[in-house]
file structure.txt (compact mmCIF, C-alpha atoms)
# COMPACT_ATOMS: atom_id res chain seq x y z
CA SER A 1 8.63 12.36 27.60
CA ALA A 2 12.19 11.09 27.13
CA GLN A 3 12.96 11.56 30.81
CA VAL A 4 9.86 9.62 31.82
CA LEU A 5 10.87 6.76 29.53
CA GLY A 6 14.52 6.86 30.54
CA ALA A 7 15.46 7.39 26.90
CA GLN A 8 18.29 9.42 25.41
CA LEU A 9 16.93 12.14 23.13
CA GLU A 10 18.74 13.72 20.19
CA LEU A 11 16.95 16.59 18.43
CA TRP A 12 17.82 17.73 14.90
CA ASP A 13 16.78 21.02 13.38
CA TYR A 14 14.51 20.08 10.48
CA PRO A 15 11.20 21.84 9.78
CA ASP A 16 7.97 20.09 10.70
CA GLY A 17 6.56 18.59 7.51
CA GLY A 18 9.70 19.52 5.60
CA LEU A 19 11.80 16.34 5.51
CA ALA A 20 10.79 15.68 1.91
CA GLN A 21 12.37 19.01 0.92
CA SER A 22 15.52 18.48 3.01
CA ASP A 23 18.84 16.99 1.86
CA ALA A 24 18.08 13.24 1.96
CA TRP A 25 21.70 12.12 1.77
CA GLU A 26 22.72 14.49 4.56
CA ILE A 27 20.04 13.03 6.84
CA VAL A 28 21.04 9.45 5.95
CA ARG A 29 24.69 10.28 6.67
CA ARG A 30 23.77 11.66 10.10
CA LEU A 31 21.67 8.59 10.86
CA VAL A 32 24.55 6.33 9.78
CA GLU A 33 26.86 8.18 12.17
CA VAL A 34 24.40 7.67 15.03
CA ILE A 35 24.18 3.93 14.29
CA ARG A 36 27.96 3.65 14.13
CA ARG A 37 28.32 5.61 17.36
CA ILE A 38 25.83 3.80 19.59
CA HIS A 39 25.98 0.31 17.98
CA PRO A 40 22.30 -0.67 18.25
CA GLN A 41 21.37 -4.31 17.84
CA VAL A 42 17.83 -3.43 16.74
CA VAL A 43 16.54 -0.42 14.81
CA LEU A 44 12.85 0.60 14.80
CA THR A 45 11.17 2.90 12.31
CA PHE A 46 7.99 3.49 10.31
CA GLY A 47 7.27 0.99 7.55
CA PRO A 48 5.48 1.05 4.17
CA ASP A 49 2.11 0.71 5.95
CA GLN A 50 2.52 3.95 7.86
CA LEU A 51 0.93 4.44 11.26
CA SER A 52 -0.04 7.89 10.04
CA GLU A 53 -0.03 9.84 6.80
CA HIS A 54 2.30 12.52 8.13
CA PRO A 55 4.91 13.15 5.39
CA ASP A 56 7.73 13.27 7.95
CA HIS A 57 6.81 9.78 9.16
CA VAL A 58 6.94 8.46 5.60
CA MET A 59 10.33 10.06 4.99
CA THR A 60 11.68 8.93 8.35
CA GLY A 61 10.92 5.32 7.45
CA TRP A 62 12.69 5.49 4.10
CA LEU A 63 15.70 7.41 5.39
CA THR A 64 16.17 5.15 8.42
CA THR A 65 15.93 2.03 6.24
CA LEU A 66 18.66 3.42 3.98
CA ALA A 67 20.83 4.25 7.00
CA PHE A 68 20.33 0.75 8.43
CA GLU A 69 21.69 -0.77 5.21
CA LEU A 70 24.55 1.68 4.71
CA ALA A 71 25.88 1.83 8.29
CA GLY A 72 27.60 -1.53 7.78
CA ASP A 73 29.16 -0.54 4.45
CA SER A 74 32.77 0.57 4.97
CA ALA A 75 32.77 2.25 1.55
CA ARG A 76 30.09 4.72 2.69
CA TRP A 77 31.52 7.75 4.52
CA PRO A 78 34.78 5.94 5.40
CA GLY A 79 36.10 8.97 7.28
CA SER A 80 33.46 8.63 9.97
CA LEU A 81 33.23 6.00 12.70
CA PRO A 82 33.89 2.31 11.91
CA GLN A 83 31.00 0.56 10.22
CA HIS A 84 28.35 -1.22 12.26
CA ALA A 85 25.62 -3.53 10.95
CA PRO A 86 22.64 -3.84 13.33
CA ALA A 87 21.10 -7.31 13.56
CA LYS A 88 17.45 -6.41 12.84
CA LEU A 89 15.28 -3.70 11.35
CA TYR A 90 11.66 -3.55 12.50
CA PHE A 91 8.73 -1.54 11.20
CA SER A 92 6.21 -0.34 13.78
CA ILE A 93 2.74 -1.37 12.56
CA ASP A 94 -0.85 -1.14 13.75
CA PRO A 95 -2.91 -4.16 14.91
CA ASP A 96 -4.92 -4.32 11.69
CA THR A 97 -1.76 -4.54 9.56
CA ALA A 98 -0.35 -7.18 11.93
CA GLN A 99 -3.14 -9.56 10.91
CA HIS A 100 -1.68 -9.72 7.39
CA ILE A 101 1.99 -10.25 8.32
CA ALA A 102 3.59 -13.68 7.94
CA PRO A 103 4.13 -15.32 11.36
CA CYS A 104 7.91 -15.44 10.94
CA CYS A 105 7.98 -11.65 10.41
CA LEU A 106 5.64 -10.64 13.23
CA SER A 107 6.58 -9.59 16.75
CA VAL A 108 3.96 -8.85 19.39
CA VAL A 109 5.50 -7.29 22.49
CA ASN A 110 3.72 -7.18 25.85
CA VAL A 111 4.12 -3.65 27.20
CA ALA A 112 1.59 -4.00 30.03
CA PRO A 113 4.25 -3.70 32.77
CA TYR A 114 5.24 -0.31 31.33
CA LEU A 115 1.78 1.00 30.47
CA ASP A 116 1.66 3.60 33.27
CA ARG A 117 5.01 4.99 32.21
CA ARG A 118 3.94 5.03 28.58
CA LEU A 119 0.77 7.00 29.34
CA ALA A 120 2.75 9.41 31.53
CA ALA A 121 5.15 10.02 28.63
CA LEU A 122 2.23 10.68 26.29
CA GLU A 123 0.83 13.27 28.69
CA CYS A 124 4.16 15.12 28.53
CA HIS A 125 3.97 15.25 24.74
CA GLU A 126 1.58 18.21 24.68
CA SER A 127 1.70 18.84 20.93
CA GLN A 128 0.21 15.38 20.29
CA GLN A 129 -2.64 15.59 22.79
CA PRO A 130 -5.25 16.51 20.12
CA CYS A 131 -4.47 13.17 18.42
CA TRP A 132 -4.94 11.03 21.53
CA GLU A 133 -8.70 10.61 21.21
CA GLY A 134 -8.47 9.18 17.70
CA PHE A 135 -5.49 7.01 18.64
CA LEU A 136 -7.19 5.57 21.70
CA ARG A 137 -10.42 4.99 19.78
CA GLY A 138 -8.54 3.09 17.08
CA ARG A 139 -6.71 0.95 19.60
CA ALA A 140 -9.78 0.27 21.76
CA PRO A 141 -10.53 -3.18 20.23
CA TYR A 142 -6.95 -4.30 20.86
CA GLY A 143 -6.02 -2.45 24.05
CA LEU A 144 -2.74 -0.69 24.79
CA GLU A 145 -0.98 -3.65 26.39
CA ARG A 146 0.61 -4.92 23.16
CA GLU A 147 2.74 -3.36 20.45
CA PHE A 148 3.12 -4.82 16.96
CA PHE A 149 6.23 -4.89 14.78
CA GLN A 150 7.12 -6.28 11.36
CA LEU A 151 10.58 -7.77 10.85
CA ALA A 152 11.89 -6.04 7.72
CA VAL A 153 15.58 -6.99 7.62
CA CYS A 154 17.22 -9.80 9.55
CA ARG A 155 20.90 -10.71 9.96
CA THR A 156 20.15 -13.52 12.41
CA PRO A 157 18.53 -16.91 11.76
CA LEU A 158 14.98 -16.30 10.62
CA PRO A 159 12.31 -17.18 13.19
CA THR A 160 9.55 -19.63 12.36
CA THR A 161 6.85 -18.28 14.68
CA PRO A 162 5.79 -14.85 15.96
CA GLN A 163 8.22 -13.40 18.48
CA SER A 164 7.57 -11.58 21.74
CA ASP A 165 11.07 -10.11 22.14
CA LEU A 166 12.67 -7.91 19.47
CA PHE A 167 16.12 -9.08 20.62
CA GLU A 168 15.33 -12.77 20.32
CA GLY A 169 17.96 -14.70 18.38
CA ILE A 170 20.65 -12.02 18.67
CA GLU A 171 24.04 -13.20 19.91
CA VAL A 172 26.36 -10.38 20.91
CA SER A 173 29.53 -12.25 19.98
CA SER A 174 28.33 -13.58 16.62
CA SER A 175 29.41 -11.95 13.38
CA PRO A 176 26.59 -10.48 11.30
CA ARG A 177 25.12 -12.66 8.59
CA PRO A 178 24.15 -11.33 5.15
CA ALA A 179 20.99 -9.25 5.35
CA ARG A 180 17.73 -10.97 4.52
CA ILE A 181 15.13 -8.60 3.15
CA ILE A 182 11.66 -9.63 4.26
CA PRO A 183 9.05 -8.83 1.59
CA PRO A 184 6.06 -6.77 2.75
CA SER A 185 2.65 -8.33 3.10
CA GLY A 186 0.85 -9.10 -0.13
CA THR A 187 2.46 -9.45 -3.53
CA ALA A 188 4.08 -6.88 -5.81
CA PRO A 189 5.73 -7.07 -9.24
CA VAL A 190 9.52 -7.12 -9.47
CA TRP A 191 11.16 -5.02 -12.18
CA LEU A 192 14.69 -5.80 -13.40
CA PHE A 193 16.52 -3.20 -15.48
CA ASP A 194 19.50 -4.18 -17.67
CA LEU A 195 20.50 -1.07 -19.59
CA ASP A 196 23.72 -0.03 -21.29
CA ASN A 197 25.01 1.87 -24.32
CA THR A 198 25.26 -1.16 -26.60
CA LEU A 199 22.61 -0.02 -29.09
CA TYR A 200 23.24 3.73 -28.96
CA PRO A 201 26.41 5.83 -28.55
CA ALA A 202 26.93 7.43 -25.13
CA ASN A 203 26.80 10.95 -26.61
CA ALA A 204 23.20 10.37 -27.74
CA GLY A 205 22.10 11.14 -24.18
CA LEU A 206 19.85 8.10 -24.04
CA MET A 207 21.10 6.97 -20.64
CA ASP A 208 20.36 10.37 -19.11
CA VAL A 209 16.75 10.15 -20.27
CA ILE A 210 16.42 6.53 -19.11
CA SER A 211 17.92 7.40 -15.72
CA ALA A 212 15.48 10.27 -15.25
CA ARG A 213 12.54 8.04 -16.18
CA ILE A 214 13.67 5.34 -13.75
CA ASP A 215 13.81 7.97 -11.00
CA GLU A 216 10.33 9.11 -12.01
CA PHE A 217 9.04 5.51 -11.95
CA ILE A 218 10.48 4.81 -8.48
CA SER A 219 9.21 8.14 -7.20
CA ARG A 220 5.69 7.41 -8.44
CA LYS A 221 5.51 3.76 -7.35
CA LEU A 222 7.01 4.30 -3.90
CA ASP A 223 5.51 7.77 -3.36
CA LEU A 224 8.94 9.31 -2.83
CA PRO A 225 10.29 12.75 -3.64
CA PRO A 226 12.45 12.56 -6.81
CA ALA A 227 15.67 13.32 -4.94
CA LEU A 228 15.08 10.47 -2.50
CA ALA A 229 14.08 8.11 -5.32
CA HIS A 230 17.49 8.74 -6.89
CA ALA A 231 19.17 8.19 -3.50
CA VAL A 232 17.39 4.83 -3.16
CA ARG A 233 18.72 3.81 -6.58
CA GLU A 234 22.28 4.79 -5.68
CA ALA A 235 22.15 2.93 -2.37
CA TYR A 236 20.80 -0.30 -3.80

call {"tool": "encode", "arguments": {"input": "structure.txt", "output": "structure tokens"}}
result
Amino acid sequence: SAQVLGAQLELWDYPDGGLAQSDAWEIVRRLVEVIRRIHPQVVLTFGPDQLSEHPDHVMTGWLTTLAFELAGDSARWPGSLPQHAPAKLYFSIDPDTAQHIAPCCLSVVNVAPYLDRRLAALECHESQQPCWEGFLRGRAPYGLEREFFQLAVCRTPLPTTPQSDLFEGIEVSSSPRPARIIPPSGTAPVWLFDLDNTLYPANAGLMDVISARIDEFISRKLDLPPALAHAVREAY
């Protein structure tokens, strides 16, 4: 499939369906090293509205989002390659989800000129052939000529209308701007925690209990394994 697409493939040895049980920080570190090595302008991954319910897809989205943020932080793994901050992070979404995305955060890319190559690549991916029928049936009302993406993080001027090119607005020579986090579709509550040892002595162990409960809360609300929930807290 990669040869048909003209893409460079890098395979890592993690068990199918086992990313949630793997070392989250080790995977993020490896992803950060890849970003710092190849200097992408745009990073694509799965978003909160997953294209499938496969647990590896869910984990891939979270881990890649963490790596996108941390690759430009010189304090993270300073012994590796110099930091690099990609300009944009996109979530791959389905056509139904695209209808609920704000216009400034939506990209619809015409892939019709590459459709034959795309189908040829799919035919090479033998392990996924049993899923084709359901995929094609779901895409039938929209066709295969367009792909839909949600802009999740942007370090370039925010667009005002839907885009047709994921690289639109990126200037190679410009220095990266502060990241803008694009909220997902719909509304969600925001929780702010301001906790310290003012009321209780540190040896009471209160902060350990509070920290564990915050991890539990994040894990439950974001449907993350506890270890990754703690990693998300440390990163942000």

call {"tool": "closest_residue", "arguments": {"input": "structure.txt", "among": "A:Val4, A:Leu119, A:Leu166, A:Leu81", "to": "Gln41 in chain A", "atoms": "all atoms listed in the file"}}
result
A:Leu166

call {"tool": "residues_near_point", "arguments": {"input": "structure.txt", "point": "(8.0, 4.3, 0.4)", "cutoff": "8 Å", "atoms": "all atoms listed in the file", "output": "list in words"}}
result
Gly47, Pro48, Val58, Met59, Gly61, Trp62, Leu222, Asp223 and Leu224 of chain A

call {"tool": "residues_around", "arguments": {"input": "structure.txt", "residues": "Ala67 in chain A", "least_positions_apart": "2", "cutoff": "8 Å", "atoms": "all atoms listed in the file", "output": "PDB file with C-alpha atoms, in the coordinates of the input"}}
result
ATOM      1  CA  VAL A  28      21.040   9.450   5.950  1.00  0.00           C
ATOM      2  CA  ARG A  29      24.690  10.280   6.670  1.00  0.00           C
ATOM      3  CA  LEU A  31      21.670   8.590  10.860  1.00  0.00           C
ATOM      4  CA  VAL A  32      24.550   6.330   9.780  1.00  0.00           C
ATOM      5  CA  LEU A  63      15.700   7.410   5.390  1.00  0.00           C
ATOM      6  CA  THR A  64      16.170   5.150   8.420  1.00  0.00           C
ATOM      7  CA  THR A  65      15.930   2.030   6.240  1.00  0.00           C
ATOM      8  CA  GLU A  69      21.690  -0.770   5.210  1.00  0.00           C
ATOM      9  CA  LEU A  70      24.550   1.680   4.710  1.00  0.00           C
ATOM     10  CA  ALA A  71      25.880   1.830   8.290  1.00  0.00           C
TER      11      ALA A  71
END

call {"tool": "closest_residue", "arguments": {"input": "structure.txt", "among": "A:Thr60, A:Gln21, A:Gln128, A:Thr156", "to": "Pro86 in chain A", "atoms": "all atoms listed in the file"}}
result
A:Thr156

call {"tool": "residues_around", "arguments": {"input": "structure.txt", "residues": "Asp73 in chain A", "least_positions_apart": "6", "cutoff": "9 Å", "atoms": "all atoms listed in the file", "output": "list in words"}}
result
Gln83, His84 and Ala85 of chain A

call {"tool": "write_last_selection", "arguments": {"input": "structure.txt", "atoms": "C-alpha atoms", "output": "mmCIF file, keeping the file's coordinate frame"}}
result
data_model
loop_
_atom_site.group_PDB
_atom_site.id
_atom_site.type_symbol
_atom_site.label_atom_id
_atom_site.label_comp_id
_atom_site.auth_asym_id
_atom_site.auth_seq_id
_atom_site.Cartn_x
_atom_site.Cartn_y
_atom_site.Cartn_z
ATOM 1 C CA GLN A 83 31.000 0.560 10.220
ATOM 2 C CA HIS A 84 28.350 -1.220 12.260
ATOM 3 C CA ALA A 85 25.620 -3.530 10.950
#

call {"tool": "atom_distance", "arguments": {"input": "structure.txt", "atom1": "CA of Asn110 in chain A", "atom2": "CA of Glu53 in chain A"}}
result
25.8 Å
